[in-house]
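Chemist: Take a look at final26.cif, mmCIF, N, CA and C atoms:
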```cif
data_data
loop_
_atom_site.label_atom_id
_atom_site.label_comp_id
_atom_site.auth_asym_id
_atom_site.auth_seq_id
_atom_site.Cartn_x
_atom_site.Cartn_y
_atom_site.Cartn_z
N MET A 1 109.49 66.39 39.44
CA MET A 1 109.51 67.73 38.87
C MET A 1 108.21 68.44 39.21
N ARG A 2 108.32 69.71 39.43
CA ARG A 2 107.15 70.53 39.72
C ARG A 2 107.21 71.73 38.79
N LEU A 3 106.10 72.01 38.12
CA LEU A 3 106.05 73.19 37.26
C LEU A 3 106.00 74.45 38.12
N THR A 4 106.55 75.51 37.60
CA THR A 4 106.50 76.79 38.31
C THR A 4 105.07 77.32 38.28
N THR A 5 104.81 78.23 39.19
CA THR A 5 103.50 78.91 39.20
C THR A 5 103.27 79.62 37.88
N PHE A 6 104.33 80.15 37.30
CA PHE A 6 104.22 80.84 36.02
C PHE A 6 103.69 79.89 34.94
N SER A 7 104.21 78.68 34.89
CA SER A 7 103.74 77.70 33.91
C SER A 7 102.30 77.30 34.18
N ASP A 8 101.98 77.12 35.45
CA ASP A 8 100.61 76.77 35.84
C ASP A 8 99.65 77.86 35.37
N TYR A 9 99.97 79.11 35.66
CA TYR A 9 99.10 80.21 35.26
C TYR A 9 99.03 80.35 33.74
N THR A 10 100.14 80.07 33.07
CA THR A 10 100.15 80.10 31.60
C THR A 10 99.13 79.12 31.05
N LEU A 11 99.14 77.90 31.56
CA LEU A 11 98.18 76.89 31.10
C LEU A 11 96.75 77.27 31.47
N ARG A 12 96.56 77.87 32.62
CA ARG A 12 95.21 78.31 33.02
C ARG A 12 94.67 79.38 32.08
N VAL A 13 95.50 80.37 31.76
CA VAL A 13 95.07 81.44 30.85
C VAL A 13 94.70 80.85 29.49
N LEU A 14 95.57 80.00 28.96
CA LEU A 14 95.31 79.41 27.65
C LEU A 14 94.07 78.53 27.65
N THR A 15 93.87 77.79 28.72
CA THR A 15 92.66 76.95 28.82
C THR A 15 91.42 77.83 28.81
N TYR A 16 91.45 78.91 29.56
CA TYR A 16 90.32 79.83 29.59
C TYR A 16 90.04 80.39 28.19
N LEU A 17 91.09 80.82 27.52
CA LEU A 17 90.92 81.41 26.19
C LEU A 17 90.43 80.38 25.17
N ALA A 18 90.78 79.13 25.37
CA ALA A 18 90.36 78.07 24.44
C ALA A 18 88.88 77.73 24.57
N LEU A 19 88.25 78.13 25.66
CA LEU A 19 86.83 77.81 25.85
C LEU A 19 85.95 78.46 24.80
N ASP A 20 86.30 79.66 24.41
CA ASP A 20 85.57 80.35 23.34
C ASP A 20 86.57 81.21 22.59
N GLN A 21 87.09 80.66 21.51
CA GLN A 21 88.17 81.32 20.79
C GLN A 21 87.74 82.56 20.03
N ARG A 22 86.44 82.79 19.93
CA ARG A 22 85.96 83.99 19.22
C ARG A 22 85.85 85.19 20.14
N GLN A 23 85.65 84.93 21.44
CA GLN A 23 85.43 86.00 22.40
C GLN A 23 86.75 86.56 22.92
N LEU A 24 86.73 87.83 23.25
CA LEU A 24 87.84 88.45 23.95
C LEU A 24 87.65 88.23 25.44
N ALA A 25 88.72 88.01 26.14
CA ALA A 25 88.67 87.88 27.60
C ALA A 25 89.58 88.96 28.17
N THR A 26 89.38 89.26 29.42
CA THR A 26 90.24 90.25 30.08
C THR A 26 90.97 89.59 31.25
N ILE A 27 92.06 90.18 31.61
CA ILE A 27 92.84 89.66 32.74
C ILE A 27 92.01 89.65 34.02
N PRO A 28 91.27 90.73 34.34
CA PRO A 28 90.47 90.68 35.57
C PRO A 28 89.43 89.54 35.57
N VAL A 29 88.82 89.27 34.44
CA VAL A 29 87.83 88.21 34.37
C VAL A 29 88.49 86.84 34.57
N ILE A 30 89.63 86.63 33.92
CA ILE A 30 90.34 85.35 34.07
C ILE A 30 90.84 85.19 35.50
N ALA A 31 91.40 86.25 36.06
CA ALA A 31 91.89 86.19 37.44
C ALA A 31 90.76 85.86 38.41
N SER A 32 89.62 86.46 38.19
CA SER A 32 88.45 86.20 39.04
C SER A 32 87.98 84.76 38.91
N ALA A 33 87.95 84.24 37.69
CA ALA A 33 87.49 82.88 37.45
C ALA A 33 88.35 81.86 38.20
N TYR A 34 89.64 82.11 38.26
CA TYR A 34 90.57 81.19 38.92
C TYR A 34 90.88 81.57 40.36
N GLY A 35 90.50 82.78 40.76
CA GLY A 35 90.83 83.24 42.11
C GLY A 35 92.32 83.48 42.29
N ILE A 36 92.96 84.05 41.27
CA ILE A 36 94.40 84.31 41.33
C ILE A 36 94.69 85.78 41.04
N SER A 37 95.92 86.18 41.26
CA SER A 37 96.35 87.57 41.15
C SER A 37 96.35 88.09 39.70
N GLU A 38 95.77 89.25 39.53
CA GLU A 38 95.81 89.92 38.22
C GLU A 38 97.24 90.28 37.85
N ASN A 39 98.04 90.70 38.84
CA ASN A 39 99.43 91.08 38.57
C ASN A 39 100.22 89.92 37.98
N HIS A 40 100.04 88.72 38.54
CA HIS A 40 100.72 87.56 38.00
C HIS A 40 100.26 87.29 36.56
N LEU A 41 98.96 87.40 36.34
CA LEU A 41 98.43 87.12 35.00
C LEU A 41 98.90 88.14 33.98
N MET A 42 99.12 89.38 34.40
CA MET A 42 99.64 90.38 33.46
C MET A 42 100.99 89.95 32.91
N LYS A 43 101.85 89.42 33.78
CA LYS A 43 103.17 88.95 33.35
C LYS A 43 103.03 87.76 32.41
N VAL A 44 102.12 86.86 32.73
CA VAL A 44 101.89 85.68 31.90
C VAL A 44 101.40 86.09 30.52
N VAL A 45 100.40 86.96 30.49
CA VAL A 45 99.83 87.40 29.21
C VAL A 45 100.86 88.16 28.39
N HIS A 46 101.67 88.97 29.05
CA HIS A 46 102.73 89.69 28.34
C HIS A 46 103.68 88.71 27.64
N GLN A 47 104.09 87.68 28.36
CA GLN A 47 105.00 86.68 27.79
C GLN A 47 104.32 85.93 26.65
N LEU A 48 103.05 85.57 26.82
CA LEU A 48 102.32 84.86 25.77
C LEU A 48 102.14 85.72 24.52
N ALA A 49 101.94 87.01 24.72
CA ALA A 49 101.80 87.92 23.58
C ALA A 49 103.13 88.07 22.85
N ARG A 50 104.22 88.20 23.60
CA ARG A 50 105.55 88.31 22.97
C ARG A 50 105.89 87.05 22.18
N ALA A 51 105.40 85.91 22.66
CA ALA A 51 105.67 84.64 21.97
C ALA A 51 104.70 84.40 20.81
N GLY A 52 103.72 85.29 20.64
CA GLY A 52 102.78 85.15 19.54
C GLY A 52 101.69 84.11 19.77
N VAL A 53 101.49 83.72 21.02
CA VAL A 53 100.48 82.72 21.34
C VAL A 53 99.12 83.37 21.57
N VAL A 54 99.12 84.57 22.15
CA VAL A 54 97.88 85.32 22.32
C VAL A 54 98.00 86.66 21.61
N LYS A 55 96.84 87.17 21.29
CA LYS A 55 96.77 88.50 20.67
C LYS A 55 96.09 89.42 21.66
N THR A 56 96.67 90.59 21.86
CA THR A 56 96.09 91.57 22.77
C THR A 56 95.48 92.71 21.97
N ILE A 57 94.32 93.14 22.40
CA ILE A 57 93.63 94.27 21.78
C ILE A 57 93.48 95.33 22.86
N ARG A 58 94.07 96.48 22.63
CA ARG A 58 94.05 97.55 23.62
C ARG A 58 92.79 98.40 23.50
N GLY A 59 92.54 99.15 24.56
CA GLY A 59 91.48 100.13 24.54
C GLY A 59 90.15 99.59 25.03
N LYS A 60 89.15 100.47 24.97
CA LYS A 60 87.80 100.10 25.42
C LYS A 60 87.29 98.94 24.57
N GLY A 61 86.77 97.94 25.23
CA GLY A 61 86.29 96.76 24.52
C GLY A 61 87.40 95.81 24.13
N GLY A 62 88.62 96.11 24.59
CA GLY A 62 89.76 95.26 24.26
C GLY A 62 89.84 94.04 25.14
N GLY A 63 90.88 93.28 24.93
CA GLY A 63 91.08 92.08 25.72
C GLY A 63 92.13 91.20 25.07
N ILE A 64 92.04 89.93 25.36
CA ILE A 64 92.99 88.97 24.79
C ILE A 64 92.26 87.77 24.23
N ARG A 65 92.89 87.14 23.26
CA ARG A 65 92.38 85.89 22.69
C ARG A 65 93.56 85.13 22.10
N LEU A 66 93.31 83.88 21.77
CA LEU A 66 94.36 83.08 21.16
C LEU A 66 94.74 83.67 19.81
N ALA A 67 96.01 83.64 19.49
CA ALA A 67 96.50 84.17 18.21
C ALA A 67 96.38 83.14 17.10
N ARG A 68 96.22 81.87 17.48
CA ARG A 68 96.05 80.81 16.49
C ARG A 68 95.14 79.74 17.09
N PRO A 69 94.63 78.85 16.29
CA PRO A 69 93.70 77.84 16.81
C PRO A 69 94.33 76.98 17.90
N ALA A 70 93.52 76.59 18.87
CA ALA A 70 93.98 75.77 19.99
C ALA A 70 94.60 74.46 19.50
N GLU A 71 94.15 73.97 18.38
CA GLU A 71 94.67 72.73 17.81
C GLU A 71 96.13 72.85 17.36
N GLU A 72 96.61 74.05 17.21
CA GLU A 72 97.98 74.29 16.75
C GLU A 72 98.95 74.62 17.90
N ILE A 73 98.45 74.69 19.10
CA ILE A 73 99.27 75.09 20.24
C ILE A 73 99.65 73.84 21.03
N ARG A 74 100.91 73.45 20.94
CA ARG A 74 101.42 72.24 21.60
C ARG A 74 101.82 72.55 23.04
N LEU A 75 101.39 71.70 23.96
CA LEU A 75 101.63 71.94 25.37
C LEU A 75 103.12 71.93 25.72
N GLY A 76 103.89 71.06 25.11
CA GLY A 76 105.33 71.01 25.39
C GLY A 76 106.02 72.31 25.04
N GLN A 77 105.65 72.88 23.92
CA GLN A 77 106.25 74.15 23.51
C GLN A 77 105.90 75.26 24.49
N ILE A 78 104.66 75.25 24.96
CA ILE A 78 104.21 76.27 25.91
C ILE A 78 104.98 76.14 27.23
N ILE A 79 105.09 74.93 27.74
CA ILE A 79 105.79 74.72 29.01
C ILE A 79 107.27 75.05 28.87
N LYS A 80 107.89 74.67 27.77
CA LYS A 80 109.31 75.02 27.57
C LYS A 80 109.50 76.53 27.59
N ALA A 81 108.63 77.24 26.91
CA ALA A 81 108.74 78.70 26.87
C ALA A 81 108.51 79.31 28.25
N ALA A 82 107.53 78.79 28.97
CA ALA A 82 107.22 79.34 30.29
C ALA A 82 108.31 79.03 31.31
N GLU A 83 108.88 77.86 31.23
CA GLU A 83 109.92 77.46 32.19
C GLU A 83 111.26 78.13 31.88
N GLY A 84 111.46 78.55 30.65
CA GLY A 84 112.69 79.24 30.29
C GLY A 84 113.83 78.29 30.00
N ALA A 85 114.99 78.85 29.78
CA ALA A 85 116.15 78.08 29.35
C ALA A 85 117.11 77.74 30.49
N ALA A 86 116.67 77.91 31.72
CA ALA A 86 117.56 77.60 32.85
C ALA A 86 117.89 76.11 32.84
N PRO A 87 119.11 75.77 33.19
CA PRO A 87 119.48 74.35 33.21
C PRO A 87 118.68 73.58 34.26
N ILE A 88 118.47 72.30 33.98
CA ILE A 88 117.73 71.44 34.90
C ILE A 88 118.46 71.33 36.23
N VAL A 89 119.74 71.15 36.15
CA VAL A 89 120.61 71.11 37.33
C VAL A 89 121.83 71.98 37.05
N GLU A 90 122.48 72.40 38.10
CA GLU A 90 123.60 73.33 37.99
C GLU A 90 124.68 72.87 37.01
N CYS A 91 124.99 71.58 37.03
CA CYS A 91 126.11 71.10 36.22
C CYS A 91 125.84 71.17 34.71
N LEU A 92 124.61 71.40 34.32
CA LEU A 92 124.29 71.53 32.90
C LEU A 92 124.34 72.98 32.42
N GLY A 93 124.60 73.89 33.33
CA GLY A 93 124.68 75.30 32.97
C GLY A 93 125.98 75.63 32.28
N GLU A 94 126.10 76.84 31.82
CA GLU A 94 127.29 77.27 31.09
C GLU A 94 128.45 77.61 32.02
N GLU A 95 128.13 77.96 33.27
CA GLU A 95 129.18 78.28 34.23
C GLU A 95 129.74 77.00 34.81
N GLU A 96 130.97 77.09 35.30
CA GLU A 96 131.61 75.92 35.89
C GLU A 96 130.80 75.45 37.11
N SER A 97 130.58 74.17 37.19
CA SER A 97 129.78 73.59 38.26
C SER A 97 130.55 73.53 39.57
N ALA A 98 129.84 73.77 40.65
CA ALA A 98 130.44 73.64 41.98
C ALA A 98 130.36 72.20 42.47
N CYS A 99 129.69 71.36 41.72
CA CYS A 99 129.53 69.96 42.14
C CYS A 99 130.84 69.20 41.91
N CYS A 100 131.34 68.59 42.95
CA CYS A 100 132.64 67.91 42.86
C CYS A 100 132.60 66.62 42.05
N ILE A 101 131.43 66.04 41.84
CA ILE A 101 131.37 64.78 41.08
C ILE A 101 130.94 64.99 39.63
N ALA A 102 130.75 66.24 39.22
CA ALA A 102 130.27 66.53 37.86
C ALA A 102 131.05 65.80 36.76
N PRO A 103 132.37 65.73 36.82
CA PRO A 103 133.10 65.06 35.73
C PRO A 103 132.79 63.56 35.61
N ALA A 104 132.38 62.93 36.69
CA ALA A 104 132.13 61.49 36.66
C ALA A 104 130.65 61.13 36.80
N CYS A 105 129.79 62.12 36.97
CA CYS A 105 128.38 61.88 37.27
C CYS A 105 127.58 61.54 36.02
N ARG A 106 126.68 60.61 36.15
CA ARG A 106 125.80 60.21 35.05
C ARG A 106 124.40 60.81 35.19
N LEU A 107 124.13 61.44 36.30
CA LEU A 107 122.80 61.97 36.55
C LEU A 107 122.39 63.00 35.50
N SER A 108 123.30 63.86 35.10
CA SER A 108 122.93 64.91 34.14
C SER A 108 122.39 64.31 32.85
N GLY A 109 123.02 63.26 32.34
CA GLY A 109 122.53 62.61 31.12
C GLY A 109 121.16 61.98 31.31
N ILE A 110 120.96 61.40 32.47
CA ILE A 110 119.66 60.80 32.78
C ILE A 110 118.58 61.87 32.83
N LEU A 111 118.89 62.97 33.49
CA LEU A 111 117.91 64.06 33.60
C LEU A 111 117.60 64.68 32.24
N VAL A 112 118.59 64.84 31.40
CA VAL A 112 118.36 65.38 30.07
C VAL A 112 117.38 64.48 29.31
N ARG A 113 117.61 63.18 29.36
CA ARG A 113 116.70 62.22 28.70
C ARG A 113 115.30 62.27 29.31
N ALA A 114 115.21 62.35 30.62
CA ALA A 114 113.91 62.37 31.30
C ALA A 114 113.11 63.60 30.93
N PHE A 115 113.75 64.76 30.92
CA PHE A 115 113.04 65.99 30.56
C PHE A 115 112.67 65.99 29.08
N ALA A 116 113.51 65.46 28.24
CA ALA A 116 113.17 65.35 26.81
C ALA A 116 111.94 64.48 26.64
N ALA A 117 111.87 63.39 27.40
CA ALA A 117 110.69 62.50 27.33
C ALA A 117 109.45 63.23 27.83
N LEU A 118 109.58 64.00 28.88
CA LEU A 118 108.45 64.78 29.39
C LEU A 118 107.92 65.72 28.33
N TYR A 119 108.80 66.48 27.71
CA TYR A 119 108.38 67.43 26.69
C TYR A 119 107.83 66.72 25.45
N ASP A 120 108.38 65.56 25.12
CA ASP A 120 107.84 64.78 24.00
C ASP A 120 106.40 64.37 24.27
N VAL A 121 106.12 63.93 25.48
CA VAL A 121 104.75 63.54 25.83
C VAL A 121 103.83 64.76 25.81
N LEU A 122 104.28 65.87 26.40
CA LEU A 122 103.47 67.09 26.39
C LEU A 122 103.18 67.55 24.96
N ASP A 123 104.15 67.39 24.07
CA ASP A 123 103.96 67.82 22.68
C ASP A 123 103.00 66.91 21.90
N GLU A 124 102.64 65.77 22.47
CA GLU A 124 101.62 64.93 21.85
C GLU A 124 100.23 65.55 22.00
N TYR A 125 100.11 66.52 22.90
CA TYR A 125 98.82 67.12 23.21
C TYR A 125 98.82 68.60 22.83
N THR A 126 97.63 69.05 22.47
CA THR A 126 97.45 70.46 22.13
C THR A 126 96.56 71.13 23.18
N LEU A 127 96.46 72.42 23.06
CA LEU A 127 95.55 73.17 23.92
C LEU A 127 94.11 72.70 23.71
N ALA A 128 93.78 72.31 22.50
CA ALA A 128 92.43 71.80 22.23
C ALA A 128 92.16 70.53 23.04
N ASP A 129 93.17 69.69 23.19
CA ASP A 129 93.01 68.49 24.03
C ASP A 129 92.76 68.88 25.48
N LEU A 130 93.49 69.87 25.95
CA LEU A 130 93.37 70.31 27.33
C LEU A 130 91.98 70.89 27.61
N ALA A 131 91.41 71.57 26.64
CA ALA A 131 90.11 72.21 26.81
C ALA A 131 88.99 71.41 26.16
N GLY A 132 89.21 70.15 25.94
CA GLY A 132 88.23 69.30 25.25
C GLY A 132 86.94 69.09 26.01
N ASN A 133 86.95 69.29 27.30
CA ASN A 133 85.73 69.16 28.10
C ASN A 133 85.14 70.54 28.39
N ARG A 134 84.86 71.28 27.32
CA ARG A 134 84.41 72.68 27.41
C ARG A 134 83.22 72.86 28.36
N ARG A 135 82.23 71.99 28.24
CA ARG A 135 81.02 72.16 29.05
C ARG A 135 81.37 72.15 30.55
N ALA A 136 82.12 71.16 30.98
CA ALA A 136 82.49 71.07 32.40
C ALA A 136 83.36 72.25 32.82
N LEU A 137 84.32 72.63 31.98
CA LEU A 137 85.17 73.77 32.31
C LEU A 137 84.37 75.06 32.40
N LYS A 138 83.45 75.25 31.48
CA LYS A 138 82.63 76.47 31.51
C LYS A 138 81.77 76.51 32.77
N GLN A 139 81.24 75.37 33.18
CA GLN A 139 80.43 75.33 34.39
C GLN A 139 81.24 75.77 35.61
N VAL A 140 82.48 75.37 35.65
CA VAL A 140 83.34 75.71 36.78
C VAL A 140 83.86 77.14 36.68
N LEU A 141 84.36 77.51 35.52
CA LEU A 141 85.02 78.81 35.36
C LEU A 141 84.05 79.96 35.11
N LEU A 142 83.04 79.71 34.32
CA LEU A 142 82.12 80.79 33.95
C LEU A 142 80.85 80.77 34.80
N ARG A 143 80.73 79.71 35.58
CA ARG A 143 79.57 79.55 36.47
C ARG A 143 78.26 79.66 35.71
N VAL A 144 78.20 78.90 34.58
CA VAL A 144 76.97 78.86 33.77
C VAL A 144 76.24 77.56 33.94
#
```
Reformat the file's structure so that it appears as structure tokens.
Modeler:
Amino acid sequence: MRLTTFSDYTLRVLTYLALDQRQLATIPVIASAYGISENHLMKVVHQLARAGVVKTIRGKGGGIRLARPAEEIRLGQIIKAAEGAAPIVECLGEEESACCIAPACRLSGILVRAFAALYDVLDEYTLADLAGNRRALKQVLLRV
């Protein structure tokens, strides 16, 4: 399995915000720190704000910050939200599958269990765990 770029950027934004939960950050600053597109980050931040994970403050001196403590943000929940509700494989979708072996195939059940296990493991960790090495992350991202 490979996470989408959207999920990757979601985790990057949240990691950056977890470095100093009191400070406001801006999309241009985060994009610059990671060397990634501001346009992509705008979509990520919009989704995170709609989900209530980040708080946005508009206007001069505005920015974004975590809406709740990093210790309360579970990685599995974040990845599930970022990846969306698309089926893992076609045969698990609501539309009739084009796969000719779908009625007899056991792969779908195996994949469902595998992805559930993945999310269970991710949910064992919080954003605080991900950003637990603040000093090293700040040296790389903030160049301090």
Chemist: Go ahead and compute the interatomic distance for CA of Cys99 in chain A and atom C of Leu118 in chain A, in Å to one decimal.
Modeler: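 Interatomic distance, CA of Cys99 in chain A to atom C of Leu118 in chain A: 26.0 Å.
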Chemist: Based on DSSP run over this structure's backbone, return all residues of range 43-137 of chain A in strand (DSSP E), as a list in words.
Modeler: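 So, restricting range 43-137 of chain A to strand (DSSP E), we get Val54, Lys55, Thr56, Ile57, Gly63, Ile64, Arg65 and Leu66 of chain A.
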Chemist: Would you mind exporting the chosen residues as a compact mmCIF listing (two decimals), in the coordinates of the input, restricted to N, CA and C atoms?
Modeler:
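This went into again_8.txt:
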```
# COMPACT_ATOMS: atom_id res chain seq x y z
N VAL A 54 99.12 84.57 22.15
CA VAL A 54 97.88 85.32 22.32
C VAL A 54 98.00 86.66 21.61
N LYS A 55 96.84 87.17 21.29
CA LYS A 55 96.77 88.50 20.67
C LYS A 55 96.09 89.42 21.66
N THR A 56 96.67 90.59 21.86
CA THR A 56 96.09 91.57 22.77
C THR A 56 95.48 92.71 21.97
N ILE A 57 94.32 93.14 22.40
CA ILE A 57 93.63 94.27 21.78
C ILE A 57 93.48 95.33 22.86
N GLY A 63 90.88 93.28 24.93
CA GLY A 63 91.08 92.08 25.72
C GLY A 63 92.13 91.20 25.07
N ILE A 64 92.04 89.93 25.36
CA ILE A 64 92.99 88.97 24.79
C ILE A 64 92.26 87.77 24.23
N ARG A 65 92.89 87.14 23.26
CA ARG A 65 92.38 85.89 22.69
C ARG A 65 93.56 85.13 22.10
N LEU A 66 93.31 83.88 21.77
CA LEU A 66 94.36 83.08 21.16
C LEU A 66 94.74 83.67 19.81
```
Chemist: Extract, using only C-alpha atoms, all DNA, RNA and protein residues at most 10 Å from Asp129 in chain A, discarding same-chain residues fewer than 6 positions from it, and format them as a PyMOL selection string.
Modeler: chain A and resi 15+18+70-71+73-75
Chemist: Run the PyMOL selection byres (((chain A and resi 47-58 and name CA) around 10) and name CA) mentally over the shown coordinates, then write out the matched residues as a PyMOL selection string, using the chain letters and numbers from the document.
Modeler: chain A and resi 10+13-14+17+24-26+41-46+59-70+72-73+78+81-82
Chemist: Looking only at the backbone, which of the residues in range 25-107 of chain A does DSSP tag as alpha helix (DSSP H), as a PyMOL selection string?
Modeler: chain A and resi 27-34+38-50+75-83+107
Chemist: Would you compute the distance between CA of Arg106 in chain A and CA of Ile79 in chain A? Give it in Å to one decimal.
Modeler: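 Answer for the CA of Arg106 in chain A to CA of Ile79 in chain A separation: 25.4 Å.
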Chemist: Produce a table with one row for each residue of range 53-143 of chain A that has an atom at most 9 Å from any atom of range 33-39 of chain A, each row naming the nearest atom pair and its distance in Å at one decimal; use only C-alpha atoms; arrange rows by chain and rising residue number; format as CSV.
Modeler:
```
residue,atom,partner,partner_atom,distance
A:Val140,CA,A:Ala33,CA,8.3
A:Leu141,CA,A:Ala33,CA,5.2
A:Leu142,CA,A:Ala33,CA,6.7
A:Arg143,CA,A:Ala33,CA,8.6
```
Chemist: Go ahead and compute the interatomic distance for CA of Leu130 in chain A and atom N of Arg12 in chain A, in Å to one decimal.
Modeler: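 Pair CA of Leu130 in chain A / atom N of Arg12 in chain A returns 9.8 Å.
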Chemist: On this structure, the PyMOL selection byres (((chain A and resi 90 and name CA) around 12) and name CA) would catch which residues? List them as a PyMOL selection string, sorted by chain and number.
Modeler: chain A and resi 86-89+91-102+107-108+111
Chemist: Pull N, CA and C atoms from the residues just selected and write them as a PDB file, in the frame of the given file.
Modeler:
```pdb
ATOM      1  N   ALA A  86     116.670  77.910  31.720  1.00  0.00           N
ATOM      2  CA  ALA A  86     117.560  77.600  32.850  1.00  0.00           C
ATOM      3  C   ALA A  86     117.890  76.110  32.840  1.00  0.00           C
ATOM      4  N   PRO A  87     119.110  75.770  33.190  1.00  0.00           N
ATOM      5  CA  PRO A  87     119.480  74.350  33.210  1.00  0.00           C
ATOM      6  C   PRO A  87     118.680  73.580  34.260  1.00  0.00           C
ATOM      7  N   ILE A  88     118.470  72.300  33.980  1.00  0.00           N
ATOM      8  CA  ILE A  88     117.730  71.440  34.900  1.00  0.00           C
ATOM      9  C   ILE A  88     118.460  71.330  36.230  1.00  0.00           C
ATOM     10  N   VAL A  89     119.740  71.150  36.150  1.00  0.00           N
ATOM     11  CA  VAL A  89     120.610  71.110  37.330  1.00  0.00           C
ATOM     12  C   VAL A  89     121.830  71.980  37.050  1.00  0.00           C
ATOM     13  N   CYS A  91     124.990  71.580  37.030  1.00  0.00           N
ATOM     14  CA  CYS A  91     126.110  71.100  36.220  1.00  0.00           C
ATOM     15  C   CYS A  91     125.840  71.170  34.710  1.00  0.00           C
ATOM     16  N   LEU A  92     124.610  71.400  34.320  1.00  0.00           N
ATOM     17  CA  LEU A  92     124.290  71.530  32.900  1.00  0.00           C
ATOM     18  C   LEU A  92     124.340  72.980  32.420  1.00  0.00           C
ATOM     19  N   GLY A  93     124.600  73.890  33.330  1.00  0.00           N
ATOM     20  CA  GLY A  93     124.680  75.300  32.970  1.00  0.00           C
ATOM     21  C   GLY A  93     125.980  75.630  32.280  1.00  0.00           C
ATOM     22  N   GLU A  94     126.100  76.840  31.820  1.00  0.00           N
ATOM     23  CA  GLU A  94     127.290  77.270  31.090  1.00  0.00           C
ATOM     24  C   GLU A  94     128.450  77.610  32.020  1.00  0.00           C
ATOM     25  N   GLU A  95     128.130  77.960  33.270  1.00  0.00           N
ATOM     26  CA  GLU A  95     129.180  78.280  34.230  1.00  0.00           C
ATOM     27  C   GLU A  95     129.740  77.000  34.810  1.00  0.00           C
ATOM     28  N   GLU A  96     130.970  77.090  35.300  1.00  0.00           N
ATOM     29  CA  GLU A  96     131.610  75.920  35.890  1.00  0.00           C
ATOM     30  C   GLU A  96     130.800  75.450  37.110  1.00  0.00           C
ATOM     31  N   SER A  97     130.580  74.170  37.190  1.00  0.00           N
ATOM     32  CA  SER A  97     129.780  73.590  38.260  1.00  0.00           C
ATOM     33  C   SER A  97     130.550  73.530  39.570  1.00  0.00           C
ATOM     34  N   ALA A  98     129.840  73.770  40.650  1.00  0.00           N
ATOM     35  CA  ALA A  98     130.440  73.640  41.980  1.00  0.00           C
ATOM     36  C   ALA A  98     130.360  72.200  42.470  1.00  0.00           C
ATOM     37  N   CYS A  99     129.690  71.360  41.720  1.00  0.00           N
ATOM     38  CA  CYS A  99     129.530  69.960  42.140  1.00  0.00           C
ATOM     39  C   CYS A  99     130.840  69.200  41.910  1.00  0.00           C
ATOM     40  N   CYS A 100     131.340  68.590  42.950  1.00  0.00           N
ATOM     41  CA  CYS A 100     132.640  67.910  42.860  1.00  0.00           C
ATOM     42  C   CYS A 100     132.600  66.620  42.050  1.00  0.00           C
ATOM     43  N   ILE A 101     131.430  66.040  41.840  1.00  0.00           N
ATOM     44  CA  ILE A 101     131.370  64.780  41.080  1.00  0.00           C
ATOM     45  C   ILE A 101     130.940  64.990  39.630  1.00  0.00           C
ATOM     46  N   ALA A 102     130.750  66.240  39.220  1.00  0.00           N
ATOM     47  CA  ALA A 102     130.270  66.530  37.860  1.00  0.00           C
ATOM     48  C   ALA A 102     131.050  65.800  36.760  1.00  0.00           C
ATOM     49  N   LEU A 107     124.130  61.440  36.300  1.00  0.00           N
ATOM     50  CA  LEU A 107     122.800  61.970  36.550  1.00  0.00           C
ATOM     51  C   LEU A 107     122.390  63.000  35.500  1.00  0.00           C
ATOM     52  N   SER A 108     123.300  63.860  35.100  1.00  0.00           N
ATOM     53  CA  SER A 108     122.930  64.910  34.140  1.00  0.00           C
ATOM     54  C   SER A 108     122.390  64.310  32.850  1.00  0.00           C
ATOM     55  N   LEU A 111     118.890  62.970  33.490  1.00  0.00           N
ATOM     56  CA  LEU A 111     117.910  64.060  33.600  1.00  0.00           C
ATOM     57  C   LEU A 111     117.600  64.680  32.240  1.00  0.00           C
TER      58      LEU A 111
END
```
Chemist: What are the centre and edge lengths in Å, to one decimal, of the axis-aligned box around all listed atoms of range 128-131 of chain A with 6 Å added on each side, as JSON?
Modeler:
```
{"center_x": 91.4, "center_y": 70.4, "center_z": 24.9, "size_x": 16.8, "size_y": 15.8, "size_z": 17.4}
```
Chemist: Neighbouring residues of Leu122 in chain A were defined as those with any atom within 6 Å, considering only N, CA and C atoms; residues of the same chain fewer than 2 positions away were excluded. Please report them as a list of chain:residue names.
Modeler: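 Selected residues are A:Arg74, A:Leu75, A:Gly76, A:Gln77, A:Ala117, A:Leu118, A:Tyr119, A:Asp120, A:Glu124, A:Tyr125.
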